[in-house]
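Data block below; observations after.
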Amino acid sequence: MFGFDINKRGTPQGEVKVPESLGIVVGIVFLIVAIIFQFFNFTEDSVWLVEYNAALASICFMILLGFVDDVLDVPWRVKLLLPSFATLPLLMAYAGHTTIVIPKPLVSYVGLEILDLGRIYKLYMALLAVFCTNSINIHAGLNGLEIGQTVVIAAAILIHNVMQIGASVDSEIRQAHAFSIYLTQPLMATSLAMLAFNWYPSAVFVGDTYTVFAGMTMAVVGILGHFSETLLIFFLPQVLNFLLSLPQLAGIVKCPRHRLPKFDPATGLLTGTKDGTLVNVYLRIFGRKSEKSLCIHLLVFQALACAFCFLLRHFLAGWYK
């Protein structure tokens, strides 16, 4: 399985066959490490063991579906539904709380401080997994962007978990954030290894296998770590990209197969098209850029979004919740 780099079309690099779907390698190594980790951390009667294995089952299912997508080129409308099937093991095994804390400014209107959503909470879990998985997948198209954004978000998740473990005295909260670290750390490590091969000029393409695997893993740690609100703010560029893409995804505006910027072989620069993606909008606002420079700019924007999340949590602490 191989492909050609569309952003280098018209140059010698654009004629090179690049191996595709190498995300399967990252996914397999991640699963092996995560499975072996159980032997050193969990006892047979651990209350977290069932959810840990359910999380791995969902991630494994998503890797399989991602690889099927790479091989069969599944239509995007079907692709949107795939994560909902992959989350079934997690949803069926989930035995945690289904309550949400009402923001303090709204308590007087709702009349409750804690609201039990019941099965609606599980629906929310499934929708979060669908969003995270597909949002990584559609914010792509540049060498290193898919893995780069995953590494930045994973680093933010790790920092958040360490901060929460240090600040909390509740053993259940501390364990939930530790659980999140157990899955985020191997995700970040395996992604960094693959980034060395996927960075510009890319020697491999990770394919949908990697993007859906990374998205599902981060959704799982956000759900079981009980910080889904924080996770969504970490995903701020992906949320923005989704909103920009909505007219094309909904069929209101014509959606081409590849919504990539236009490459000029003479200058080696990319120009933004009218397609509704963050990549194209960024180019239209800030002007033409090389692929490597554009990727770095977008990753810096991702890091700033994560830093904004930490600042927001700091200023709203004690007032919002």
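Ligands are numbered from 1 in the order shown, residues from 1 within each chain, and chains are lettered A, B, ... in the order they appear in the structure tokens.
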
I'd like a table as a tab-separated table: residues in segment 165-240 of chain A with an atom no more than 12 Å from segment 133-148 of chain A, each row giving the shortest atom pair and its distance in Å to one decimal, only C-alpha atoms counted, sorted by chain and rising residue number.
residue	atom	partner	partner_atom	distance
A:Leu187	CA	A:Ile147	CA	10.3
A:Met188	CA	A:Ile147	CA	9.3
A:Ala189	CA	A:Ile147	CA	11.2
A:Thr190	CA	A:Ile147	CA	9.9
A:Ser191	CA	A:Ile147	CA	6.2
A:Leu192	CA	A:Ile147	CA	7.7
A:Ala193	CA	A:Ile147	CA	9.9
A:Met194	CA	A:Ile147	CA	7.8
A:Leu195	CA	A:Ile147	CA	6.1
A:Ala196	CA	A:Gly144	CA	8.8
A:Phe197	CA	A:Gly144	CA	8.7
A:Asn198	CA	A:Gly144	CA	5.3
A:Trp199	CA	A:Gly144	CA	4.5
A:Tyr200	CA	A:Asn143	CA	5.2
A:Pro201	CA	A:Asn143	CA	6.7
A:Ser202	CA	A:Asn143	CA	5.7
A:Ala203	CA	A:Asn143	CA	9.2
A:Val204	CA	A:Asn143	CA	9.1
A:Phe205	CA	A:Asn143	CA	8.1
A:Val206	CA	A:Glu146	CA	8.2
A:Gly207	CA	A:Asn137	CA	8.9
A:Asp208	CA	A:Asn137	CA	6.6
A:Thr209	CA	A:Asn137	CA	9.3
A:Tyr210	CA	A:Ile147	CA	8.2
A:Thr211	CA	A:Asn137	CA	5.1
A:Val212	CA	A:Thr133	CA	4.8
A:Phe213	CA	A:Thr133	CA	7.3
A:Ala214	CA	A:Thr133	CA	7.2
A:Gly215	CA	A:Thr133	CA	3.9
A:Met216	CA	A:Thr133	CA	5.3
A:Thr217	CA	A:Thr133	CA	8.5
A:Met218	CA	A:Thr133	CA	8.5
A:Ala219	CA	A:Thr133	CA	7.6
A:Val220	CA	A:Thr133	CA	10.4
A:Leu232	CA	A:Ser135	CA	10.9
A:Phe235	CA	A:Ser135	CA	8.4
A:Leu236	CA	A:Ser135	CA	10.2
A:Pro237	CA	A:His139	CA	8.6
A:Gln238	CA	A:Ser135	CA	5.5
A:Val239	CA	A:Ser135	CA	7.3
A:Leu240	CA	A:Ser135	CA	9.7

| task | Give me the residues within 8 Å of segment 82-89 of chain A as a list in words, counting only C-alpha atoms and dropping any in the same chain fewer than 4 places off. | result |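 The contact residues come out as Ala54, Ala55, Ala57, Ser58, Ile59, Phe61, Met62, Leu65, Val78, Ala93, Ala126, Leu127, Ala129, Val130, Thr133 and Met216 of chain A.
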
| Computed interatomic separation between atom CA of Thr98 of chain A and atom CA of Glu51 of chain A (Å) | 14.7 Å

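Comparing the minimum interatomic distances between Arg259 of chain A and each of A:Ile6, A:Asp116, A:Leu243, A:Met1, counting only C-alpha atoms, we find that A:Ile6 sits nearest.
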
| task | Give me the residues within 9 Å of Ile100 of chain A as JSON, numbers by chain, counting only C-alpha atoms and dropping any in the same chain fewer than 2 places off. | result | {"A": [97, 98, 102, 113, 114, 115, 116, 117, 121]}

Could you turn the residues from that selection into a file that holds N, CA, C and O atoms, as a short mmCIF file (atom, residue, chain, number, x, y, z; two decimals), in the first residue's frame?
data_model
loop_
_atom_site.label_atom_id
_atom_site.label_comp_id
_atom_site.auth_asym_id
_atom_site.auth_seq_id
_atom_site.Cartn_x
_atom_site.Cartn_y
_atom_site.Cartn_z
N HIS A 97 -19.65 6.73 37.53
CA HIS A 97 -20.81 7.59 37.77
C HIS A 97 -21.34 8.17 36.46
O HIS A 97 -20.63 8.30 35.46
N THR A 98 -22.61 8.49 36.46
CA THR A 98 -23.25 9.10 35.29
C THR A 98 -23.79 10.48 35.66
O THR A 98 -24.79 10.93 35.11
N ILE A 102 -23.24 20.63 38.18
CA ILE A 102 -23.83 21.83 37.58
C ILE A 102 -22.95 23.04 37.91
O ILE A 102 -22.56 23.23 39.07
N GLU A 113 -27.17 20.73 42.48
CA GLU A 113 -25.73 20.88 42.34
C GLU A 113 -25.15 19.75 41.51
O GLU A 113 -24.15 19.92 40.82
N ILE A 114 -25.77 18.58 41.61
CA ILE A 114 -25.32 17.40 40.87
C ILE A 114 -26.53 16.80 40.15
O ILE A 114 -27.58 16.57 40.76
N LEU A 115 -26.40 16.54 38.86
CA LEU A 115 -27.49 16.01 38.05
C LEU A 115 -27.10 14.64 37.51
O LEU A 115 -26.04 14.49 36.90
N ASP A 116 -27.93 13.63 37.75
CA ASP A 116 -27.69 12.28 37.23
C ASP A 116 -28.33 12.16 35.86
O ASP A 116 -29.55 12.24 35.71
N LEU A 117 -27.51 11.94 34.84
CA LEU A 117 -28.01 11.85 33.47
C LEU A 117 -28.40 10.43 33.07
O LEU A 117 -29.07 10.23 32.05
N TYR A 121 -25.85 9.97 29.74
CA TYR A 121 -24.42 10.15 29.93
C TYR A 121 -23.63 9.21 29.01
O TYR A 121 -22.62 9.59 28.43
#

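Compared by their closest atoms to Lys79 of chain A, and using only C-alpha atoms, the residues A:Leu249, A:Asn7, A:Phe263, A:Ser168 rank with A:Leu249 nearest.
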
Can you tell me which residues surround Ile35 of chain A at a distance of at most 12 Å, considering only C-alpha atoms, apart from same-chain residues fewer than 2 positions away, and format the answer as an mmCIF file with N, CA, C and O atoms, in the first residue's frame?
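Okay, this is what ended up in around30.cif:
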data_model
loop_
_atom_site.group_PDB
_atom_site.id
_atom_site.type_symbol
_atom_site.label_atom_id
_atom_site.label_comp_id
_atom_site.auth_asym_id
_atom_site.auth_seq_id
_atom_site.Cartn_x
_atom_site.Cartn_y
_atom_site.Cartn_z
ATOM 1 N N ILE A 28 -0.447 -1.311 17.046
ATOM 2 C CA ILE A 28 -0.090 -2.632 17.555
ATOM 3 C C ILE A 28 0.906 -2.527 18.704
ATOM 4 O O ILE A 28 0.757 -3.187 19.741
ATOM 5 N N VAL A 29 1.919 -1.685 18.541
ATOM 6 C CA VAL A 29 2.910 -1.510 19.617
ATOM 7 C C VAL A 29 2.237 -0.942 20.866
ATOM 8 O O VAL A 29 2.505 -1.378 21.993
ATOM 9 N N PHE A 30 1.343 0.034 20.672
ATOM 10 C CA PHE A 30 0.599 0.612 21.793
ATOM 11 C C PHE A 30 -0.169 -0.466 22.541
ATOM 12 O O PHE A 30 -0.130 -0.545 23.785
ATOM 13 N N LEU A 31 -0.881 -1.323 21.816
ATOM 14 C CA LEU A 31 -1.683 -2.368 22.452
ATOM 15 C C LEU A 31 -0.822 -3.366 23.211
ATOM 16 O O LEU A 31 -1.157 -3.768 24.336
ATOM 17 N N ILE A 32 0.302 -3.752 22.619
ATOM 18 C CA ILE A 32 1.196 -4.708 23.289
ATOM 19 C C ILE A 32 1.708 -4.124 24.594
ATOM 20 O O ILE A 32 1.689 -4.779 25.645
ATOM 21 N N VAL A 33 2.161 -2.872 24.553
ATOM 22 C CA VAL A 33 2.682 -2.216 25.759
ATOM 23 C C VAL A 33 1.593 -2.081 26.820
ATOM 24 O O VAL A 33 1.804 -2.371 28.000
ATOM 25 N N PHE A 37 1.428 -3.962 30.462
ATOM 26 C CA PHE A 37 1.422 -3.077 31.635
ATOM 27 C C PHE A 37 0.474 -3.574 32.722
ATOM 28 O O PHE A 37 0.715 -3.359 33.911
ATOM 29 N N GLN A 38 -0.598 -4.260 32.321
ATOM 30 C CA GLN A 38 -1.554 -4.773 33.309
ATOM 31 C C GLN A 38 -0.880 -5.687 34.327
ATOM 32 O O GLN A 38 -1.219 -5.699 35.509
ATOM 33 N N PHE A 39 0.050 -6.476 33.857
ATOM 34 C CA PHE A 39 0.712 -7.457 34.719
ATOM 35 C C PHE A 39 1.449 -6.785 35.868
ATOM 36 O O PHE A 39 1.536 -7.322 36.976
ATOM 37 N N PHE A 40 1.966 -5.573 35.635
ATOM 38 C CA PHE A 40 2.764 -4.881 36.646
ATOM 39 C C PHE A 40 1.944 -3.931 37.516
ATOM 40 O O PHE A 40 2.417 -3.501 38.568
ATOM 41 N N ASN A 41 0.720 -3.591 37.092
ATOM 42 C CA ASN A 41 -0.009 -2.543 37.807
ATOM 43 C C ASN A 41 -1.317 -2.993 38.440
ATOM 44 O O ASN A 41 -1.680 -2.505 39.505
ATOM 45 N N PHE A 42 -2.034 -3.920 37.794
ATOM 46 C CA PHE A 42 -3.350 -4.314 38.298
ATOM 47 C C PHE A 42 -3.306 -5.697 38.933
ATOM 48 O O PHE A 42 -2.614 -6.589 38.447
ATOM 49 N N LEU A 49 -9.740 -2.973 36.401
ATOM 50 C CA LEU A 49 -9.265 -3.898 35.372
ATOM 51 C C LEU A 49 -10.292 -4.094 34.252
ATOM 52 O O LEU A 49 -9.934 -4.152 33.076
ATOM 53 N N TYR A 52 -10.332 -1.007 32.127
ATOM 54 C CA TYR A 52 -9.067 -0.910 31.397
ATOM 55 C C TYR A 52 -9.095 -1.810 30.167
ATOM 56 O O TYR A 52 -8.745 -1.392 29.063
ATOM 57 N N ASN A 53 -9.567 -3.055 30.347
ATOM 58 C CA ASN A 53 -9.649 -3.980 29.215
ATOM 59 C C ASN A 53 -10.721 -3.545 28.221
ATOM 60 O O ASN A 53 -10.568 -3.734 27.010
ATOM 61 N N ALA A 54 -11.811 -2.965 28.727
ATOM 62 C CA ALA A 54 -12.855 -2.455 27.832
ATOM 63 C C ALA A 54 -12.317 -1.297 26.993
ATOM 64 O O ALA A 54 -12.626 -1.188 25.796
ATOM 65 N N ALA A 55 -11.503 -0.446 27.626
ATOM 66 C CA ALA A 55 -10.883 0.671 26.899
ATOM 67 C C ALA A 55 -9.961 0.139 25.802
ATOM 68 O O ALA A 55 -9.996 0.625 24.659
ATOM 69 N N LEU A 56 -9.156 -0.877 26.130
ATOM 70 C CA LEU A 56 -8.252 -1.466 25.134
ATOM 71 C C LEU A 56 -9.045 -2.134 24.009
ATOM 72 O O LEU A 56 -8.637 -2.079 22.843
ATOM 73 N N ALA A 57 -10.169 -2.755 24.354
ATOM 74 C CA ALA A 57 -11.002 -3.402 23.332
ATOM 75 C C ALA A 57 -11.557 -2.363 22.363
ATOM 76 O O ALA A 57 -11.569 -2.578 21.142
ATOM 77 N N ILE A 59 -10.246 0.605 21.701
ATOM 78 C CA ILE A 59 -9.122 1.125 20.914
ATOM 79 C C ILE A 59 -8.723 0.126 19.833
ATOM 80 O O ILE A 59 -8.488 0.499 18.671
ATOM 81 N N CYS A 60 -8.673 -1.160 20.205
ATOM 82 C CA CYS A 60 -8.318 -2.217 19.242
ATOM 83 C C CYS A 60 -9.351 -2.287 18.124
ATOM 84 O O CYS A 60 -9.000 -2.407 16.938
ATOM 85 N N TYR A 182 -1.922 6.014 32.313
ATOM 86 C CA TYR A 182 -1.536 4.671 31.867
ATOM 87 C C TYR A 182 -1.706 4.496 30.360
ATOM 88 O O TYR A 182 -0.942 3.763 29.721
ATOM 89 N N LEU A 183 -2.709 5.168 29.778
ATOM 90 C CA LEU A 183 -2.968 5.029 28.346
ATOM 91 C C LEU A 183 -2.370 6.174 27.521
ATOM 92 O O LEU A 183 -2.017 5.981 26.358
ATOM 93 N N PRO A 186 1.879 5.706 26.751
ATOM 94 C CA PRO A 186 2.307 4.919 25.574
ATOM 95 C C PRO A 186 1.832 5.519 24.253
ATOM 96 O O PRO A 186 2.502 5.363 23.225
#

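Of note, atom CA of Leu81 of chain A and atom CA of Gly118 of chain A are spaced 22.6 Å apart.
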
| said: Taking the DSSP secondary structure from the backbone, can you list the residues of segment 63-238 of chain A that are alpha helix (DSSP H), as a PyMOL selection string? | reply: chain A and resi 63-72+76-79+82-86+88-93+104-110+119-138+145-167+171-198+207-224+228-234+236-238

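Candidate residues A:Ile165, A:Thr273, A:Phe286, A:Asp45 were compared for distance to Pro256 of chain A, and the nearest is A:Thr273, using only C-alpha atoms.
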
| field | Test item: residues at most 8 Å from Val162 of chain A, only C-alpha atoms, excluding those fewer than 4 positions along its chain, as a ChimeraX atom specification | value | /A:158,166,177

Using C-alpha atoms, can you export the residues from the last selection as a short mmCIF file (atom, residue, chain, number, x, y, z; two decimals), in the first residue's frame?
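File again00.cif, as written:
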data_model
loop_
_atom_site.label_atom_id
_atom_site.label_comp_id
_atom_site.auth_asym_id
_atom_site.auth_seq_id
_atom_site.Cartn_x
_atom_site.Cartn_y
_atom_site.Cartn_z
CA LEU A 158 -0.35 14.25 30.88
CA GLY A 166 -1.09 16.54 43.05
CA HIS A 177 -6.26 10.52 36.50
#
